[in-house]
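Structure below is start10.cif: mmCIF, C-alpha atoms and all ligand atoms; chains and numbers go by the auth columns.
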data_final
#
loop_
_atom_site.group_PDB
_atom_site.id
_atom_site.type_symbol
_atom_site.label_atom_id
_atom_site.label_comp_id
_atom_site.label_asym_id
_atom_site.label_seq_id
_atom_site.Cartn_x
_atom_site.Cartn_y
_atom_site.Cartn_z
_atom_site.B_iso_or_equiv
_atom_site.auth_seq_id
_atom_site.auth_asym_id
ATOM 1 C CA MET A 1 0.000 0.000 0.000 0.00 101 B
ATOM 2 C CA THR A 2 1.315 3.458 -0.936 0.00 102 B
ATOM 3 C CA GLN A 3 0.672 6.459 1.304 0.00 103 B
ATOM 4 C CA HIS A 4 -2.168 8.317 -0.307 0.00 104 B
ATOM 5 C CA GLU A 5 -4.947 10.713 0.479 0.00 105 B
ATOM 6 C CA VAL A 6 -8.472 10.249 -0.856 0.00 106 B
ATOM 7 C CA ARG A 7 -10.817 13.232 -1.006 0.00 107 B
ATOM 8 C CA PRO A 8 -13.660 14.706 -3.082 0.00 108 B
ATOM 9 C CA LEU A 9 -12.291 16.793 -5.948 0.00 109 B
ATOM 10 C CA THR A 10 -13.133 20.425 -6.422 0.00 110 B
ATOM 11 C CA GLU A 11 -14.816 21.457 -9.663 0.00 111 B
ATOM 12 C CA SER A 12 -11.556 22.967 -10.868 0.00 112 B
ATOM 13 C CA GLU A 13 -10.002 19.473 -10.657 0.00 113 B
ATOM 14 C CA PHE A 14 -12.677 17.661 -12.680 0.00 114 B
ATOM 15 C CA ARG A 15 -10.962 18.062 -16.039 0.00 115 B
ATOM 16 C CA GLU A 16 -7.746 16.625 -14.642 0.00 116 B
ATOM 17 C CA ALA A 17 -9.703 13.643 -13.333 0.00 117 B
ATOM 18 C CA TYR A 18 -11.272 13.182 -16.767 0.00 118 B
ATOM 19 C CA GLU A 19 -7.823 13.249 -18.391 0.00 119 B
ATOM 20 C CA LEU A 20 -6.531 10.719 -15.891 0.00 120 B
ATOM 21 C CA PHE A 21 -9.445 8.396 -16.594 0.00 121 B
ATOM 22 C CA ARG A 22 -8.871 8.651 -20.346 0.00 122 B
ATOM 23 C CA ARG A 23 -5.183 7.912 -19.956 0.00 123 B
ATOM 24 C CA ALA A 24 -5.943 4.909 -17.744 0.00 124 B
ATOM 25 C CA LEU A 25 -8.022 3.588 -20.674 0.00 125 B
ATOM 26 C CA LEU A 26 -5.144 4.384 -23.055 0.00 126 B
ATOM 27 C CA GLU A 27 -7.158 7.067 -24.814 0.00 127 B
ATOM 28 C CA PRO A 28 -5.539 10.224 -26.164 0.00 128 B
ATOM 29 C CA PRO A 29 -5.850 13.517 -24.288 0.00 129 B
ATOM 30 C CA SER A 30 -9.302 15.015 -24.626 0.00 130 B
ATOM 31 C CA LYS A 31 -10.263 17.839 -26.933 0.00 131 B
ATOM 32 C CA ASP A 32 -12.377 20.637 -25.536 0.00 132 B
ATOM 33 C CA GLU A 33 -15.427 19.202 -27.301 0.00 133 B
ATOM 34 C CA ASP A 34 -14.878 15.840 -25.535 0.00 134 B
ATOM 35 C CA TRP A 35 -14.858 17.607 -22.199 0.00 135 B
ATOM 36 C CA ALA A 36 -17.895 19.681 -23.149 0.00 136 B
ATOM 37 C CA ARG A 37 -19.778 16.444 -23.851 0.00 137 B
ATOM 38 C CA ASN A 38 -18.728 14.783 -20.603 0.00 138 B
ATOM 39 C CA SER A 39 -18.364 17.538 -18.041 0.00 139 B
ATOM 40 C CA GLY A 40 -22.073 17.502 -17.134 0.00 140 B
ATOM 41 C CA ARG A 41 -21.661 14.035 -15.619 0.00 141 B
ATOM 42 C CA TYR A 42 -19.180 15.304 -13.033 0.00 142 B
ATOM 43 C CA GLU A 43 -21.287 16.119 -9.978 0.00 143 B
ATOM 44 C CA PRO A 44 -19.740 18.238 -7.232 0.00 144 B
ATOM 45 C CA GLY A 45 -19.083 16.067 -4.183 0.00 145 B
ATOM 46 C CA ARG A 46 -19.341 12.802 -6.124 0.00 146 B
ATOM 47 C CA VAL A 47 -15.951 12.841 -7.862 0.00 147 B
ATOM 48 C CA LEU A 48 -13.179 11.391 -5.715 0.00 148 B
ATOM 49 C CA GLY A 49 -9.438 11.561 -6.202 0.00 149 B
ATOM 50 C CA ALA A 50 -6.531 9.637 -4.694 0.00 150 B
ATOM 51 C CA PHE A 51 -3.392 11.711 -4.307 0.00 151 B
ATOM 52 C CA VAL A 52 0.169 10.424 -3.975 0.00 152 B
ATOM 53 C CA ASP A 53 2.724 13.041 -2.952 0.00 153 B
ATOM 54 C CA GLY A 54 0.154 15.710 -3.752 0.00 154 B
ATOM 55 C CA GLU A 55 -0.433 14.471 -7.331 0.00 155 B
ATOM 56 C CA LEU A 56 -3.712 13.052 -8.584 0.00 156 B
ATOM 57 C CA ALA A 57 -3.070 9.341 -9.208 0.00 157 B
ATOM 58 C CA GLY A 58 -6.530 7.775 -9.287 0.00 158 B
ATOM 59 C CA THR A 59 -10.171 8.727 -9.556 0.00 159 B
ATOM 60 C CA VAL A 60 -13.689 7.316 -9.353 0.00 160 B
ATOM 61 C CA MET A 61 -17.018 9.041 -9.511 0.00 161 B
ATOM 62 C CA SER A 62 -20.693 8.318 -9.163 0.00 162 B
ATOM 63 C CA THR A 63 -23.772 10.043 -10.465 0.00 163 B
ATOM 64 C CA THR A 64 -27.122 10.500 -8.766 0.00 164 B
ATOM 65 C CA ASN A 65 -29.441 7.900 -10.199 0.00 165 B
ATOM 66 C CA VAL A 66 -32.421 5.627 -9.612 0.00 166 B
ATOM 67 C CA LEU A 67 -32.841 1.926 -10.215 0.00 167 B
ATOM 68 C CA ALA A 68 -36.127 0.076 -10.702 0.00 168 B
ATOM 69 C CA VAL A 69 -36.003 -3.088 -8.618 0.00 169 B
ATOM 70 C CA PRO A 70 -38.160 -6.233 -8.755 0.00 170 B
ATOM 71 C CA GLY A 71 -41.597 -5.264 -7.496 0.00 171 B
ATOM 72 C CA GLY A 72 -41.492 -1.953 -9.356 0.00 172 B
ATOM 73 C CA ARG A 73 -40.071 0.364 -6.679 0.00 173 B
ATOM 74 C CA ARG A 74 -37.494 2.885 -7.824 0.00 174 B
ATOM 75 C CA LEU A 75 -34.630 3.226 -5.377 0.00 175 B
ATOM 76 C CA SER A 76 -32.031 5.957 -5.363 0.00 176 B
ATOM 77 C CA ALA A 77 -28.635 4.669 -6.381 0.00 177 B
ATOM 78 C CA GLY A 78 -25.111 5.898 -6.957 0.00 178 B
ATOM 79 C CA ALA A 79 -24.064 5.010 -10.518 0.00 179 B
ATOM 80 C CA VAL A 80 -20.338 4.358 -10.434 0.00 180 B
ATOM 81 C CA THR A 81 -18.237 5.326 -13.430 0.00 181 B
ATOM 82 C CA ALA A 82 -14.941 6.862 -14.640 0.00 182 B
ATOM 83 C CA VAL A 83 -12.795 4.445 -12.600 0.00 183 B
ATOM 84 C CA GLY A 84 -9.101 4.870 -13.313 0.00 184 B
ATOM 85 C CA VAL A 85 -5.726 4.687 -11.634 0.00 185 B
ATOM 86 C CA ARG A 86 -2.617 6.053 -13.323 0.00 186 B
ATOM 87 C CA ALA A 87 -0.558 3.258 -14.852 0.00 187 B
ATOM 88 C CA ASP A 88 2.479 4.202 -12.745 0.00 188 B
ATOM 89 C CA HIS A 89 0.465 3.784 -9.524 0.00 189 B
ATOM 90 C CA THR A 90 -1.509 0.601 -10.086 0.00 190 B
ATOM 91 C CA ARG A 91 -1.566 -2.415 -7.746 0.00 191 B
ATOM 92 C CA ARG A 92 -0.846 -0.301 -4.693 0.00 192 B
ATOM 93 C CA GLY A 93 -4.298 -0.163 -3.217 0.00 193 B
ATOM 94 C CA LEU A 94 -5.500 3.129 -4.714 0.00 194 B
ATOM 95 C CA LEU A 95 -8.627 1.694 -6.277 0.00 195 B
ATOM 96 C CA THR A 96 -9.409 -0.153 -3.052 0.00 196 B
ATOM 97 C CA ALA A 97 -9.180 3.094 -1.077 0.00 197 B
ATOM 98 C CA LEU A 98 -11.288 4.960 -3.648 0.00 198 B
ATOM 99 C CA MET A 99 -13.974 2.265 -3.738 0.00 199 B
ATOM 100 C CA ARG A 100 -14.153 2.181 0.041 0.00 200 B
ATOM 101 C CA ALA A 101 -14.512 5.968 0.244 0.00 201 B
ATOM 102 C CA GLN A 102 -17.104 5.935 -2.514 0.00 202 B
ATOM 103 C CA LEU A 103 -19.276 3.272 -0.894 0.00 203 B
ATOM 104 C CA HIS A 104 -19.099 5.219 2.349 0.00 204 B
ATOM 105 C CA ASP A 105 -20.174 8.373 0.508 0.00 205 B
ATOM 106 C CA VAL A 106 -23.075 6.587 -1.218 0.00 206 B
ATOM 107 C CA GLY A 107 -24.229 5.293 2.183 0.00 207 B
ATOM 108 C CA GLN A 108 -23.967 8.760 3.733 0.00 208 B
ATOM 109 C CA ARG A 109 -26.226 10.090 0.984 0.00 209 B
ATOM 110 C CA GLY A 110 -28.883 7.576 2.013 0.00 210 B
ATOM 111 C CA GLU A 111 -28.631 5.718 -1.277 0.00 211 B
ATOM 112 C CA PRO A 112 -29.212 2.015 -0.636 0.00 212 B
ATOM 113 C CA LEU A 113 -27.545 0.932 -3.875 0.00 213 B
ATOM 114 C CA ALA A 114 -24.351 1.469 -5.814 0.00 214 B
ATOM 115 C CA MET A 115 -24.282 0.102 -9.345 0.00 215 B
ATOM 116 C CA LEU A 116 -21.985 0.007 -12.352 0.00 216 B
ATOM 117 C CA HIS A 117 -21.510 -1.332 -15.842 0.00 217 B
ATOM 118 C CA ALA A 118 -18.083 -2.911 -15.658 0.00 218 B
ATOM 119 C CA SER A 119 -15.753 -3.219 -18.627 0.00 219 B
ATOM 120 C CA GLU A 120 -13.542 -5.381 -16.389 0.00 220 B
ATOM 121 C CA ALA A 121 -16.108 -7.334 -14.382 0.00 221 B
ATOM 122 C CA VAL A 122 -13.597 -9.380 -12.363 0.00 222 B
ATOM 123 C CA ILE A 123 -12.388 -6.294 -10.526 0.00 223 B
ATOM 124 C CA TYR A 124 -15.540 -5.398 -8.659 0.00 224 B
ATOM 125 C CA GLU A 125 -16.761 -8.489 -6.836 0.00 225 B
ATOM 126 C CA ARG A 126 -14.201 -7.949 -4.064 0.00 226 B
ATOM 127 C CA PHE A 127 -15.874 -4.603 -3.356 0.00 227 B
ATOM 128 C CA GLY A 128 -19.316 -6.173 -2.989 0.00 228 B
ATOM 129 C CA TYR A 129 -20.653 -5.824 -6.541 0.00 229 B
ATOM 130 C CA GLY A 130 -22.302 -8.705 -8.342 0.00 230 B
ATOM 131 C CA VAL A 131 -24.164 -9.504 -11.529 0.00 231 B
ATOM 132 C CA ALA A 132 -27.666 -8.044 -11.240 0.00 232 B
ATOM 133 C CA THR A 133 -28.838 -8.286 -14.814 0.00 233 B
ATOM 134 C CA ARG A 134 -27.703 -9.247 -18.288 0.00 234 B
ATOM 135 C CA ALA A 135 -28.079 -7.432 -21.548 0.00 235 B
ATOM 136 C CA ARG A 136 -27.577 -8.392 -25.135 0.00 236 B
ATOM 137 C CA ASN A 137 -27.094 -6.203 -28.194 0.00 237 B
ATOM 138 C CA VAL A 138 -28.463 -7.555 -31.423 0.00 238 B
ATOM 139 C CA GLU A 139 -27.596 -6.077 -34.807 0.00 239 B
ATOM 140 C CA LEU A 140 -29.907 -6.796 -37.668 0.00 240 B
ATOM 141 C CA ALA A 141 -28.717 -6.475 -41.265 0.00 241 B
ATOM 142 C CA ARG A 142 -31.864 -5.105 -42.839 0.00 242 B
ATOM 143 C CA VAL A 143 -30.954 -6.363 -46.313 0.00 243 B
ATOM 144 C CA ARG A 144 -31.026 -9.906 -44.931 0.00 244 B
ATOM 145 C CA ALA A 145 -34.106 -9.482 -42.777 0.00 245 B
ATOM 146 C CA ALA A 146 -37.836 -9.601 -43.435 0.00 246 B
ATOM 147 C CA PHE A 147 -41.004 -9.563 -41.372 0.00 247 B
ATOM 148 C CA ARG A 148 -42.416 -12.965 -40.609 0.00 248 B
ATOM 149 C CA ALA A 149 -45.317 -13.883 -42.863 0.00 249 B
ATOM 150 C CA ASP A 150 -47.595 -14.228 -39.821 0.00 250 B
ATOM 151 C CA ALA A 151 -46.645 -10.826 -38.334 0.00 251 B
ATOM 152 C CA PRO A 152 -49.843 -8.805 -37.889 0.00 252 B
ATOM 153 C CA LEU A 153 -50.388 -5.875 -40.229 0.00 253 B
ATOM 154 C CA GLY A 154 -52.277 -2.670 -39.490 0.00 254 B
ATOM 155 C CA GLY A 155 -53.295 -1.408 -36.057 0.00 255 B
ATOM 156 C CA ARG A 156 -52.190 1.896 -34.595 0.00 256 B
ATOM 157 C CA VAL A 157 -49.152 3.214 -32.770 0.00 257 B
ATOM 158 C CA ARG A 158 -49.545 4.588 -29.244 0.00 258 B
ATOM 159 C CA LEU A 159 -46.879 6.563 -27.392 0.00 259 B
ATOM 160 C CA VAL A 160 -46.591 5.430 -23.752 0.00 260 B
ATOM 161 C CA GLU A 161 -44.809 7.118 -20.894 0.00 261 B
ATOM 162 C CA SER A 162 -41.973 5.446 -19.058 0.00 262 B
ATOM 163 C CA PRO A 163 -43.014 3.116 -16.222 0.00 263 B
ATOM 164 C CA LYS A 164 -44.404 4.926 -13.199 0.00 264 B
ATOM 165 C CA ALA A 165 -44.263 2.514 -10.292 0.00 265 B
ATOM 166 C CA GLU A 166 -45.850 5.019 -7.921 0.00 266 B
ATOM 167 C CA THR A 167 -49.023 5.445 -9.954 0.00 267 B
ATOM 168 C CA GLY A 168 -49.314 1.891 -11.170 0.00 268 B
ATOM 169 C CA ASP A 169 -49.314 3.190 -14.761 0.00 269 B
ATOM 170 C CA ASP A 170 -46.870 0.539 -15.757 0.00 270 B
ATOM 171 C CA LEU A 171 -45.770 -0.705 -19.161 0.00 271 B
ATOM 172 C CA ALA A 172 -45.764 -4.159 -17.610 0.00 272 B
ATOM 173 C CA ASP A 173 -49.544 -4.256 -18.154 0.00 273 B
ATOM 174 C CA ASP A 174 -49.198 -3.719 -21.903 0.00 274 B
ATOM 175 C CA LEU A 175 -45.966 -5.462 -22.759 0.00 275 B
ATOM 176 C CA PRO A 176 -47.090 -9.094 -22.465 0.00 276 B
ATOM 177 C CA ALA A 177 -49.616 -8.400 -25.227 0.00 277 B
ATOM 178 C CA VAL A 178 -46.949 -7.313 -27.689 0.00 278 B
ATOM 179 C CA CYS A 179 -43.817 -9.265 -26.845 0.00 279 B
ATOM 180 C CA VAL A 180 -42.721 -12.579 -25.435 0.00 280 B
ATOM 181 C CA VAL A 181 -40.106 -12.550 -22.671 0.00 281 B
ATOM 182 C CA PRO A 182 -37.838 -15.549 -23.218 0.00 282 B
ATOM 183 C CA ALA A 183 -37.607 -18.077 -20.402 0.00 283 B
ATOM 184 C CA GLY A 184 -34.304 -19.593 -19.377 0.00 284 B
ATOM 185 C CA PRO A 185 -30.817 -18.387 -18.473 0.00 285 B
ATOM 186 C CA ASP A 186 -30.838 -15.353 -20.783 0.00 286 B
ATOM 187 C CA ARG A 187 -33.849 -13.848 -19.108 0.00 287 B
ATOM 188 C CA PRO A 188 -32.778 -10.725 -17.171 0.00 288 B
ATOM 189 C CA GLY A 189 -32.489 -11.582 -13.474 0.00 289 B
HETATM 190 C C1 LIG B . -8.390 -1.409 -12.757 0.00 301 B
HETATM 191 C C2 LIG B . -7.651 -0.341 -11.949 0.00 301 B
HETATM 192 C C3 LIG B . -8.637 0.783 -11.628 0.00 301 B
HETATM 193 C C4 LIG B . -7.132 -0.999 -10.648 0.00 301 B
HETATM 194 O O1 LIG B . -6.560 -0.004 -9.815 0.00 301 B
HETATM 195 P P1 LIG B . -5.468 -0.363 -8.697 0.00 301 B
HETATM 196 O O2 LIG B . -5.225 0.854 -7.878 0.00 301 B
HETATM 197 O O3 LIG B . -4.328 -1.005 -9.340 0.00 301 B
HETATM 198 O O4 LIG B . -6.242 -1.453 -7.815 0.00 301 B
HETATM 199 P P2 LIG B . -5.823 -1.960 -6.369 0.00 301 B
HETATM 200 O O5 LIG B . -4.347 -1.856 -6.205 0.00 301 B
HETATM 201 O O6 LIG B . -6.655 -1.295 -5.322 0.00 301 B
HETATM 202 O O7 LIG B . -6.217 -3.477 -6.480 0.00 301 B
HETATM 203 C C5 LIG B . -7.388 -4.003 -5.900 0.00 301 B
HETATM 204 C C6 LIG B . -7.511 -5.457 -6.222 0.00 301 B
HETATM 205 O O8 LIG B . -8.011 -5.601 -7.551 0.00 301 B
HETATM 206 C C7 LIG B . -7.143 -6.438 -8.319 0.00 301 B
HETATM 207 N N1 LIG B . -7.125 -5.906 -9.656 0.00 301 B
HETATM 208 C C8 LIG B . -6.752 -4.678 -10.017 0.00 301 B
HETATM 209 N N2 LIG B . -6.905 -4.530 -11.352 0.00 301 B
HETATM 210 C C9 LIG B . -7.389 -5.701 -11.833 0.00 301 B
HETATM 211 C C10 LIG B . -7.731 -6.171 -13.135 0.00 301 B
HETATM 212 N N3 LIG B . -7.622 -5.396 -14.224 0.00 301 B
HETATM 213 N N4 LIG B . -8.195 -7.422 -13.239 0.00 301 B
HETATM 214 C C11 LIG B . -8.305 -8.198 -12.138 0.00 301 B
HETATM 215 N N5 LIG B . -7.997 -7.814 -10.882 0.00 301 B
HETATM 216 C C12 LIG B . -7.531 -6.584 -10.743 0.00 301 B
HETATM 217 C C13 LIG B . -5.797 -6.308 -7.615 0.00 301 B
HETATM 218 O O9 LIG B . -4.982 -7.441 -7.892 0.00 301 B
HETATM 219 C C14 LIG B . -6.188 -6.214 -6.168 0.00 301 B
HETATM 220 O O10 LIG B . -6.472 -7.498 -5.652 0.00 301 B
HETATM 221 P P3 LIG B . -5.702 -8.081 -4.388 0.00 301 B
HETATM 222 O O11 LIG B . -5.935 -7.079 -3.291 0.00 301 B
HETATM 223 O O12 LIG B . -6.402 -9.385 -4.167 0.00 301 B
HETATM 224 O O13 LIG B . -4.292 -8.168 -4.830 0.00 301 B
HETATM 225 C C15 LIG B . -6.443 0.233 -12.739 0.00 301 B
HETATM 226 O O14 LIG B . -5.596 -0.827 -13.083 0.00 301 B
HETATM 227 C C16 LIG B . -6.864 0.962 -14.001 0.00 301 B
HETATM 228 O O15 LIG B . -7.132 2.144 -13.945 0.00 301 B
HETATM 229 N N6 LIG B . -6.912 0.261 -15.155 0.00 301 B
HETATM 230 C C17 LIG B . -7.251 0.875 -16.420 0.00 301 B
HETATM 231 C C18 LIG B . -8.643 1.465 -16.439 0.00 301 B
HETATM 232 C C19 LIG B . -9.704 0.451 -16.085 0.00 301 B
HETATM 233 O O16 LIG B . -9.625 -0.720 -16.409 0.00 301 B
HETATM 234 N N7 LIG B . -10.753 0.940 -15.395 0.00 301 B
HETATM 235 C C20 LIG B . -11.844 0.089 -14.979 0.00 301 B
HETATM 236 C C21 LIG B . -12.840 0.001 -16.074 0.00 301 B
HETATM 237 S S1 LIG B . -14.187 -1.027 -15.549 0.00 301 B
#
Structure re-expressed in structure tokens:
Amino acid sequence: MTQHEVRPLTESEFREAYELFRRALLEPPSKDEDWARNSGRYEPGRVLGAFVDGELAGTVMSTTNVLAVPGGRRLSAGAVTAVGVRADHTRRGLLTALMRAQLHDVGQRGEPLAMLHASEAVIYERFGYGVATRARNVELARVRAAFRADAPLGGRVRLVESPKAETGDDLADDLPAVCVVPAGPDRPG
């Protein structure tokens, strides 16, 4: 373990944290338009930095979010993202210290959940994260695709609002009529 200090970053340090994260992912330095696109995600108080000898060496952040859970309730949740430790400071416990501080912060905010989409899933189990759902992207080459002969024609299109668990106005009532949820291991858990 290296001696390091973990603290929330000030807004004037957010760009540096963004650069560090990009470098950790081996991306080139950002252009101003990259930062303009991403800066809105950096919420004051939710961006943490780990400093070694006064220099920023690692960062994590979370955003204020909600997650619909089985039963339809929507719980507040910290959405974890932009996890990076400088390549010259890895494997010295910086991420561990950042994750610990972040989970503490999420708890202090009264958020019962922290969640993330991991590019490197094996990293996060040790911090208490686990697989909560699965997703699949499907690309359809339209030149090789056609509607099934028995697909219904006609009808009308209706715009529905997103699910509102509080009011009971839930898409779940309508969806079974228009799509089949597959059974088996690929069904979201
Ligand atoms: C992944 C990363 C954040 C780890 O930071 P770090 O400060 O080196 O992590 P720590 O020293 O706190 O290590 C914590 C534990 O995770 C393990 N670990 C770290 N990186 C890992 C990886 N890529 N795969 C598997 N395990 C990893 C460590 O071995 C350590 O386990 P141990 O305590 O049992 O030895 C850092 O390597 C990094 O920034 N990588 C590039 C960017 C990236 O992958 N970000 C995450 C995207 S999801």
Fill in: the PyMOL selection byres (((chain B and resi 205-213) around 12) and not hetatm) applied to the shown file, residues as a ChimeraX atom specification
/B:106-108,145-148,160-169,174-180,198-204,214-216,228-230,232
Item to complete: Identify, on the basis of only C-alpha atoms, every residue whose closest approach to B:Leu125 does not exceed 12 Å; exclude the query and any residue fewer than 6 positions from it along the same chain; express the result as JSON, numbers by chain.
Response: {"B": [118, 119, 182, 183, 184, 185, 186, 187, 219, 220]}
Practice prompt. May I ask which of the residues B:Leu240, B:Ala235, B:Val222, B:Ala246 is the closest one to ligand LIG 301 (chain B), counting all atoms listed in the file?
Written response: B:Val222
Worksheet entry | For atom CA of B:Lys131 and atom CA of B:Arg115, the interatomic separation in Å (one decimal) | 10.9 Å
Discussion item. Here is a test: counting only C-alpha atoms and all ligand atoms, which residue of B:Glu155, B:Glu127, B:Glu239, B:Asp274 is nearest to ligand LIG 301 (chain B)?
Written reply: B:Glu127
Worksheet item: Suppose you want the space between atom C10 of ligand LIG 301 (chain B) and atom CA of B:Thr110; what is it in Å?
Response: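 Going from atom C10 of ligand LIG 301 (chain B) over to atom CA of B:Thr110 covers 28.0 Å.
The coordinates place atom CA of B:Glu225 at 13.2 Å from atom C3 of ligand LIG 301 (chain B).
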Per-axis box centre and lengths in Å around ligand LIG 301 (chain B), 3 Å margin per side, axis-aligned, as lines of an AutoDock Vina configuration file:
center_x = -9.2
center_y = -3.6
center_z = -9.9
size_x = 15.9
size_y = 17.5
size_z = 19.1
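Distances from B:Thr159, B:Thr190, B:Asn237, B:Ser112 to ligand LIG 301 (chain B) were compared using only C-alpha atoms and all ligand atoms, and the smallest one belongs to B:Thr190.
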Practice prompt. Considering only C-alpha atoms and all ligand atoms, state which residue in the set B:Leu120, B:Leu194, B:Phe114, B:Glu143 is at the smallest distance from ligand LIG 301 (chain B).
Written response: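 Under the stated criterion, the closest residue is B:Leu194.
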Discussion item. For the provided coordinates, the residues matched by the PyMOL selection byres (((chain B and resi 153) around 9) and not hetatm) should be stated as number ranges by chain.
Written reply: B: 103-105, 151-152, 154-156
Discussion item. Restricting the calculation to all atoms listed in the file: of B:Leu195, B:Val257, B:Leu109, B:Ala251, which residue gets closest to ligand LIG 301 (chain B)?
Written reply: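 Under the stated criterion, the closest residue is B:Leu195.
Residue nearest ligand LIG 301 (chain B), chosen from B:Phe247, B:Tyr142, B:Phe121, B:Trp135 and counting all atoms listed in the file: B:Phe121.
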